[in-house]
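First up is the structure itself, then whatever we jot down about it.
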Amino acid sequence: MRRWFDGLCQHIGPCVSPGMAAIYAKVSRAAVYKRMKAGGLTAFCFKITAKTRTLFGTEKKLKELPLTYIPVEECKAWSVDLDLRAARMDRGTAEDESASEQQAE
């Protein structure tokens, strides 16, 4: 796993877990997962698997939870986007008001 993570960071820069991504973007973890599933955040997943032997000697595939990492730069960009949107909402532009009404429906 260490080689995988080091290679990932070497190519795309620092990465964080979805929980840390929520802290970077100042949103909830649910919002991070929702944006990931919608295709708004790039997520790199790694699932650790290993073979073990059961009590009776048969091989069994052991699966652990997947590890998910999101590039820090995308989290920061999302945070800036949210801050700019909040600033526009404070000024009360018609575009953002209609967008917030559509989200409420």
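Chain labels follow the order of the structure tokens: the first chain is A, the next B, and so on; residue numbering restarts at 1 in every chain, and ligands are counted from 1 in their shown order.
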
Query raised in the report: How would you write, as an MDAnalysis selection string, the set of residues in chain A that DSSP gives as alpha helix (DSSP H)?
Result: chainID A and resid 2:12 18:25 29:38 72:91 94:104

Query raised in the report: Do you know which residues are at most 12 Å from Cys9 of chain A counting only C-alpha atoms, after dropping those on the same chain fewer than 4 positions away, and could you put them as a PyMOL selection string?
Result: chain A and resi 2-5+13-16+44+69-73

Query raised in the report: How far is it from atom CA of Ala43 of chain A to atom CA of Leu84 of chain A, in Å with one decimal?
Result: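 About the pair atom CA of Ala43 of chain A and atom CA of Leu84 of chain A: they are 23.7 Å apart.
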
Query - Two-atom distance - atom CA of Gly7 of chain A, atom CA of Glu74 of chain A (Å) - result: 18.1 Å

Report summary line: A straight line from atom CA of Pro18 of chain A to atom CA of Leu62 of chain A spans 23.6 Å

Query raised in the report: If you run DSSP on this backbone, which residues of chain A come out as strand (DSSP E or B), and could you give them as a count of residues only?
Result: 25

**Report entry** Contact residues around segment 47-56 of chain A with only C-alpha atoms at 8 Å, ignoring same-chain residues under 5 positions, as a list in words
**Finding:**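 Once the nearby chain positions are removed, what remains is Met1, Lys61, Leu62, Lys63, Glu64, Leu65, Pro66 and Leu67 of chain A.
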
Report task. Mind checking which residues fall within 7 Å of Arg29 of chain A, counting only C-alpha atoms, ignoring those fewer than 4 positions away in the same chain, and posting them as a PyMOL selection string? Result -> chain A and resi 18-19+22+33
